[in-house]
Each structure stands twice: as C-alpha cells, then as structure tokens.
Amino acid sequence: MGEESTDRRMRRYIRITDIDLWTLIDEISEDPRYAESFNLLINDALVRGLPILRRDVLGTVEEEVEREKSAEAEAMPAEEKESHEFYALSIQLLREILLNETLIKSMVSTVFNAKGLEYNGMKVPGNKFVQGALCDTPEYLESYENRGIKKLRK
C-alpha cells in the first residue's frame, strides 16, 4: 500500500453533541445517495453550509461591494447628485417630448389624409376624422421616416 499521509487536513474528527443535528443527519441518511456514506453526507453539508457560514462570519465580496457603493452614494458630492437629478429630469422630459411628437404626427397625418380625400373629390367622413381613423402616416412618408430612423441608429 502507499505511504500514510501525515497531512491532518485529510482526516479530522468531530464530535456532534446537538441531538437536533443528529436528527437532521439521520433524516438525510435515509436518502439512497447518503445511506451508505456518512462521509459523503458530511462533505455535501460542508460544501453547502460553509459558504453560508463564511458569509455570515466574514461577509462576501458582493456584500462588501454593496457596502462600498452605498458609502459612495452617501459620500457623493452635491455636484454629482445634481448631475444625476439633471439626467433623470432630462430623460423624463425627452419621453414627454416623444409622446407629444407622436400625438402631433398623428394629428398632422389625419389632416393630410383628409385633405388628400378632399382633393380627390371625396367627402371626408366626420366621424372617421374625429375617431382618428385617418391618422396613418402616408406611405411615402413612412419609407422616409424608416430611412431616417435607420440613419439615427447607426
């Protein structure tokens, strides 16, 4: 046989005195994976439990990063806070502008389509006009708009 290892990390002995822990161990031992191997059960318990214990005792890297971020936020200079508020307000206003632009586009398209019907000698149905049924962007403008949007995204 090979040499005996003198490395104490390979074999350590523990004493479990808590009867509730033994109850848990006995329940888990009924599972076929652990029925034959107490060693496997304890090693799996350590693999699952030690990271939690380490987090509770020492804290994790993620917790320290979160603590640093919150400390940075608290220590953030007034200029940066104003900058964040400025950008939040700017985004809100841009969304409002986009909504207004969409409404204006719809109304102008309705008037355009109504005028197109009139120029072709047709009557413009009043209820269709009020319901917004004529609000579609004319086809030739849709292609122009799509090309413009593609250019903006590049």
# chains A, B, ... in the order shown; residues from 1 in each chain; ligands from 1

$ residues_around --residues "range 28-44 of chain A" --least-positions-apart "3" --cutoff "12 Å" --atoms "only C-alpha atoms" --output "PyMOL selection string"
chain A and resi 10-14+16+21-25+47-51

$ write_last_selection --atoms "all heavy atoms" --output "tab-separated table (two decimals), in the first residue's frame"
chain	number	residue	atom	x	y	z
A	10	MET	N	-6.58	15.82	5.69
A	10	MET	CA	-7.28	14.71	5.05
A	10	MET	C	-8.20	14.00	6.03
A	10	MET	O	-9.21	13.45	5.64
A	10	MET	CB	-6.27	13.72	4.46
A	10	MET	CG	-5.54	14.33	3.27
A	10	MET	SD	-4.50	13.18	2.45
A	10	MET	CE	-5.66	12.07	1.74
A	11	ARG	N	-7.85	13.97	7.27
A	11	ARG	CA	-8.67	13.26	8.24
A	11	ARG	C	-8.73	14.07	9.52
A	11	ARG	O	-7.72	14.33	10.16
A	11	ARG	CB	-8.10	11.88	8.52
A	11	ARG	CG	-8.93	11.06	9.46
A	11	ARG	CD	-8.34	9.69	9.63
A	11	ARG	NE	-8.41	8.91	8.43
A	11	ARG	CZ	-9.33	7.97	8.19
A	11	ARG	NH1	-10.22	7.71	9.09
A	11	ARG	NH2	-9.33	7.31	7.08
A	12	ARG	N	-9.93	14.48	9.85
A	12	ARG	CA	-10.17	15.19	11.11
A	12	ARG	C	-11.36	14.53	11.78
A	12	ARG	O	-12.25	14.01	11.12
A	12	ARG	CB	-10.46	16.66	10.86
A	12	ARG	CG	-9.30	17.40	10.26
A	12	ARG	CD	-9.01	18.61	11.06
A	12	ARG	NE	-7.82	19.26	10.56
A	12	ARG	CZ	-7.67	20.55	10.44
A	12	ARG	NH1	-8.64	21.34	10.77
A	12	ARG	NH2	-6.55	21.05	10.01
A	13	TYR	N	-11.41	14.63	13.06
A	13	TYR	CA	-12.51	14.03	13.82
A	13	TYR	C	-13.32	15.14	14.46
A	13	TYR	O	-12.77	16.13	14.93
A	13	TYR	CB	-11.96	13.09	14.88
A	13	TYR	CG	-11.18	11.95	14.27
A	13	TYR	CD1	-9.81	12.02	14.15
A	13	TYR	CD2	-11.84	10.83	13.78
A	13	TYR	CE1	-9.09	11.00	13.57
A	13	TYR	CE2	-11.13	9.80	13.19
A	13	TYR	CZ	-9.76	9.89	13.09
A	13	TYR	OH	-9.05	8.87	12.50
A	14	ILE	N	-14.64	14.96	14.41
A	14	ILE	CA	-15.52	15.95	15.04
A	14	ILE	C	-16.45	15.25	16.01
A	14	ILE	O	-16.71	14.05	15.89
A	14	ILE	CB	-16.35	16.73	13.99
A	14	ILE	CG1	-17.25	15.77	13.20
A	14	ILE	CG2	-15.47	17.53	13.08
A	14	ILE	CD1	-18.28	16.48	12.34
A	16	ILE	N	-20.28	15.65	17.46
A	16	ILE	CA	-21.56	16.34	17.30
A	16	ILE	C	-22.36	16.05	18.55
A	16	ILE	O	-22.76	14.91	18.80
A	16	ILE	CB	-22.30	15.86	16.04
A	16	ILE	CG1	-21.44	16.09	14.81
A	16	ILE	CG2	-23.64	16.59	15.91
A	16	ILE	CD1	-21.97	15.48	13.53
A	21	LEU	N	-29.13	18.18	15.45
A	21	LEU	CA	-28.28	17.96	14.27
A	21	LEU	C	-28.24	16.48	13.92
A	21	LEU	O	-28.28	16.11	12.75
A	21	LEU	CB	-26.87	18.48	14.52
A	21	LEU	CG	-26.72	20.00	14.58
A	21	LEU	CD1	-25.28	20.38	14.88
A	21	LEU	CD2	-27.18	20.65	13.28
A	22	TRP	N	-28.19	15.62	14.94
A	22	TRP	CA	-28.19	14.18	14.66
A	22	TRP	C	-29.52	13.75	14.04
A	22	TRP	O	-29.56	12.90	13.15
A	22	TRP	CB	-27.91	13.37	15.93
A	22	TRP	CG	-26.45	13.22	16.19
A	22	TRP	CD1	-25.75	13.73	17.23
A	22	TRP	CD2	-25.51	12.52	15.38
A	22	TRP	NE1	-24.43	13.40	17.12
A	22	TRP	CE2	-24.25	12.65	15.98
A	22	TRP	CE3	-25.59	11.80	14.18
A	22	TRP	CZ2	-23.09	12.11	15.45
A	22	TRP	CZ3	-24.45	11.25	13.65
A	22	TRP	CH2	-23.21	11.40	14.28
A	23	THR	N	-30.60	14.38	14.46
A	23	THR	CA	-31.91	14.07	13.87
A	23	THR	C	-31.90	14.43	12.38
A	23	THR	O	-32.36	13.66	11.54
A	23	THR	CB	-33.03	14.85	14.60
A	23	THR	OG1	-32.97	14.52	15.99
A	23	THR	CG2	-34.39	14.52	14.05
A	24	LEU	N	-31.36	15.62	12.06
A	24	LEU	CA	-31.26	16.02	10.65
A	24	LEU	C	-30.38	15.06	9.87
A	24	LEU	O	-30.71	14.65	8.75
A	24	LEU	CB	-30.70	17.44	10.53
A	24	LEU	CG	-31.61	18.58	10.97
A	24	LEU	CD1	-30.84	19.90	10.97
A	24	LEU	CD2	-32.81	18.67	10.05
A	25	ILE	N	-29.26	14.69	10.44
A	25	ILE	CA	-28.33	13.76	9.77
A	25	ILE	C	-29.03	12.44	9.52
A	25	ILE	O	-28.92	11.85	8.43
A	25	ILE	CB	-27.05	13.58	10.60
A	25	ILE	CG1	-26.23	14.89	10.56
A	25	ILE	CG2	-26.22	12.40	10.09
A	25	ILE	CD1	-25.06	14.93	11.53
A	47	VAL	N	-19.98	21.57	1.96
A	47	VAL	CA	-19.93	22.33	0.70
A	47	VAL	C	-21.08	23.32	0.65
A	47	VAL	O	-20.91	24.46	0.22
A	47	VAL	CB	-19.99	21.36	-0.51
A	47	VAL	CG1	-20.30	22.10	-1.79
A	47	VAL	CG2	-18.69	20.61	-0.64
A	48	ARG	N	-22.26	22.91	1.12
A	48	ARG	CA	-23.41	23.81	1.08
A	48	ARG	C	-23.40	24.81	2.24
A	48	ARG	O	-23.82	25.94	2.08
A	48	ARG	CB	-24.70	23.00	1.12
A	48	ARG	CG	-24.90	22.21	-0.14
A	48	ARG	CD	-26.26	21.58	-0.20
A	48	ARG	NE	-26.44	20.95	-1.48
A	48	ARG	CZ	-26.75	19.68	-1.64
A	48	ARG	NH1	-26.92	18.91	-0.60
A	48	ARG	NH2	-26.89	19.18	-2.84
A	49	GLY	N	-22.92	24.38	3.39
A	49	GLY	CA	-23.02	25.22	4.58
A	49	GLY	C	-21.87	26.16	4.82
A	49	GLY	O	-22.05	27.25	5.37
A	50	LEU	N	-20.66	25.75	4.45
A	50	LEU	CA	-19.51	26.61	4.72
A	50	LEU	C	-19.58	27.96	4.02
A	50	LEU	O	-19.24	28.98	4.63
A	50	LEU	CB	-18.21	25.88	4.39
A	50	LEU	CG	-17.72	24.89	5.45
A	50	LEU	CD1	-16.45	24.21	4.99
A	50	LEU	CD2	-17.51	25.57	6.78
A	51	PRO	N	-20.02	28.02	2.76
A	51	PRO	CA	-20.14	29.36	2.14
A	51	PRO	C	-21.11	30.27	2.89
A	51	PRO	O	-20.87	31.46	3.03
A	51	PRO	CB	-20.64	29.05	0.72
A	51	PRO	CG	-20.17	27.67	0.45
A	51	PRO	CD	-20.24	26.95	1.77

$ residues_around --residues "Gly126 in chain A" --least-positions-apart "4" --cutoff "10 Å" --atoms "only C-alpha atoms" --output "list in words"
Ala114, Val130 and Gln131 of chain A

$ atom_distance --atom1 "CA of Leu134 in chain A" --atom2 "CA of Ser109 in chain A"
7.1 Å

$ closest_residue --among "A:Asn120, A:Leu53, A:Asp20, A:Lys105" --to "Leu141 in chain A" --atoms "only C-alpha atoms"
A:Lys105

$ select_by_dssp --residues "range 1-151 of chain A" --states "alpha helix (DSSP H)" --output "MDAnalysis selection string"
chainID A and resid 19:29 38:58 61:74 78:119 126:131 139:151

$ write_last_selection --atoms "C-alpha atoms" --output "compact mmCIF listing (two decimals), in the first residue's frame"
# COMPACT_ATOMS: atom_id res chain seq x y z
CA ILE A 19 -29.29 15.99 19.21
CA ASP A 20 -31.24 18.11 16.68
CA LEU A 21 -28.28 17.96 14.27
CA TRP A 22 -28.19 14.18 14.66
CA THR A 23 -31.91 14.07 13.87
CA LEU A 24 -31.26 16.02 10.65
CA ILE A 25 -28.33 13.76 9.77
CA ASP A 26 -30.48 10.66 10.35
CA GLU A 27 -33.27 12.04 8.15
CA ILE A 28 -30.85 12.86 5.33
CA SER A 29 -29.18 9.45 5.71
CA PHE A 38 -21.76 9.26 6.15
CA ASN A 39 -18.62 10.89 4.74
CA LEU A 40 -20.45 11.98 1.55
CA LEU A 41 -23.29 13.43 3.63
CA ILE A 42 -20.94 15.49 5.82
CA ASN A 43 -18.87 16.67 2.85
CA ASP A 44 -22.02 17.77 0.99
CA ALA A 45 -23.24 19.55 4.14
CA LEU A 46 -19.90 21.35 4.39
CA VAL A 47 -19.93 22.33 0.70
CA ARG A 48 -23.41 23.81 1.08
CA GLY A 49 -23.02 25.22 4.58
CA LEU A 50 -19.51 26.61 4.72
CA PRO A 51 -20.14 29.36 2.14
CA ILE A 52 -23.15 30.48 4.16
CA LEU A 53 -21.16 30.38 7.39
CA ARG A 54 -18.31 32.30 5.74
CA ARG A 55 -20.76 34.95 4.51
CA ASP A 56 -22.23 35.30 7.99
CA VAL A 57 -18.85 35.47 9.70
CA LEU A 58 -16.68 37.35 7.21
CA VAL A 61 -17.26 40.11 -1.77
CA GLU A 62 -20.69 41.12 -3.08
CA GLU A 63 -21.74 42.46 0.32
CA GLU A 64 -18.57 44.50 0.58
CA VAL A 65 -19.10 45.89 -2.92
CA GLU A 66 -22.67 46.84 -1.96
CA ARG A 67 -21.42 48.48 1.23
CA GLU A 68 -18.85 50.45 -0.77
CA LYS A 69 -21.49 51.54 -3.28
CA SER A 70 -23.84 52.73 -0.55
CA ALA A 71 -20.95 54.53 1.16
CA GLU A 72 -20.04 56.16 -2.15
CA ALA A 73 -23.65 57.20 -2.69
CA GLU A 74 -23.78 58.76 0.75
CA ALA A 78 -23.63 67.64 -4.24
CA GLU A 79 -22.48 68.25 -7.85
CA GLU A 80 -22.87 64.58 -8.74
CA LYS A 81 -26.26 64.35 -7.06
CA GLU A 82 -27.36 67.38 -9.07
CA SER A 83 -25.95 65.73 -12.19
CA HIS A 84 -27.95 62.55 -11.55
CA GLU A 85 -31.09 64.60 -10.93
CA PHE A 86 -30.41 66.56 -14.12
CA TYR A 87 -30.13 63.39 -16.22
CA ALA A 88 -33.25 61.87 -14.66
CA LEU A 89 -35.19 65.03 -15.41
CA SER A 90 -33.76 65.17 -18.94
CA ILE A 91 -34.86 61.61 -19.63
CA GLN A 92 -38.34 62.35 -18.29
CA LEU A 93 -38.62 65.45 -20.49
CA LEU A 94 -37.36 63.57 -23.57
CA ARG A 95 -40.04 60.93 -23.03
CA GLU A 96 -42.65 63.68 -22.76
CA ILE A 97 -41.35 65.29 -25.97
CA LEU A 98 -41.52 61.92 -27.74
CA LEU A 99 -45.12 61.45 -26.62
CA ASN A 100 -46.07 64.94 -27.81
CA GLU A 101 -44.29 64.38 -31.13
CA THR A 102 -46.23 61.15 -31.65
CA LEU A 103 -49.52 62.94 -30.97
CA ILE A 104 -48.64 65.80 -33.33
CA LYS A 105 -47.59 63.32 -36.03
CA SER A 106 -50.94 61.55 -35.71
CA MET A 107 -52.92 64.79 -35.94
CA VAL A 108 -50.95 66.10 -38.92
CA SER A 109 -51.34 62.76 -40.71
CA THR A 110 -55.11 62.92 -40.11
CA VAL A 111 -55.33 66.40 -41.63
CA PHE A 112 -53.06 65.34 -44.52
CA ASN A 113 -55.19 62.27 -45.30
CA ALA A 114 -58.42 64.26 -45.00
CA LYS A 115 -57.09 66.87 -47.44
CA GLY A 116 -56.00 64.09 -49.77
CA LEU A 117 -59.54 62.71 -49.82
CA GLU A 118 -60.94 66.21 -50.46
CA TYR A 119 -58.54 66.83 -53.37
CA GLY A 126 -66.58 63.47 -39.96
CA ASN A 127 -66.81 60.53 -37.57
CA LYS A 128 -63.72 58.89 -39.10
CA PHE A 129 -61.87 62.18 -38.73
CA VAL A 130 -62.84 62.52 -35.04
CA GLN A 131 -62.15 58.83 -34.28
CA GLU A 139 -46.83 55.56 -47.37
CA TYR A 140 -44.21 57.77 -48.98
CA LEU A 141 -43.53 59.43 -45.61
CA GLU A 142 -43.29 56.05 -43.83
CA SER A 143 -40.38 54.98 -46.01
CA TYR A 144 -38.71 58.36 -45.49
CA GLU A 145 -39.21 58.04 -41.72
CA ASN A 146 -37.84 54.47 -41.67
CA ARG A 147 -34.71 55.54 -43.56
CA GLY A 148 -34.20 58.42 -41.13
CA ILE A 149 -34.58 56.12 -38.11
CA LYS A 150 -32.05 53.66 -39.56
CA LYS A 151 -29.54 56.50 -40.05
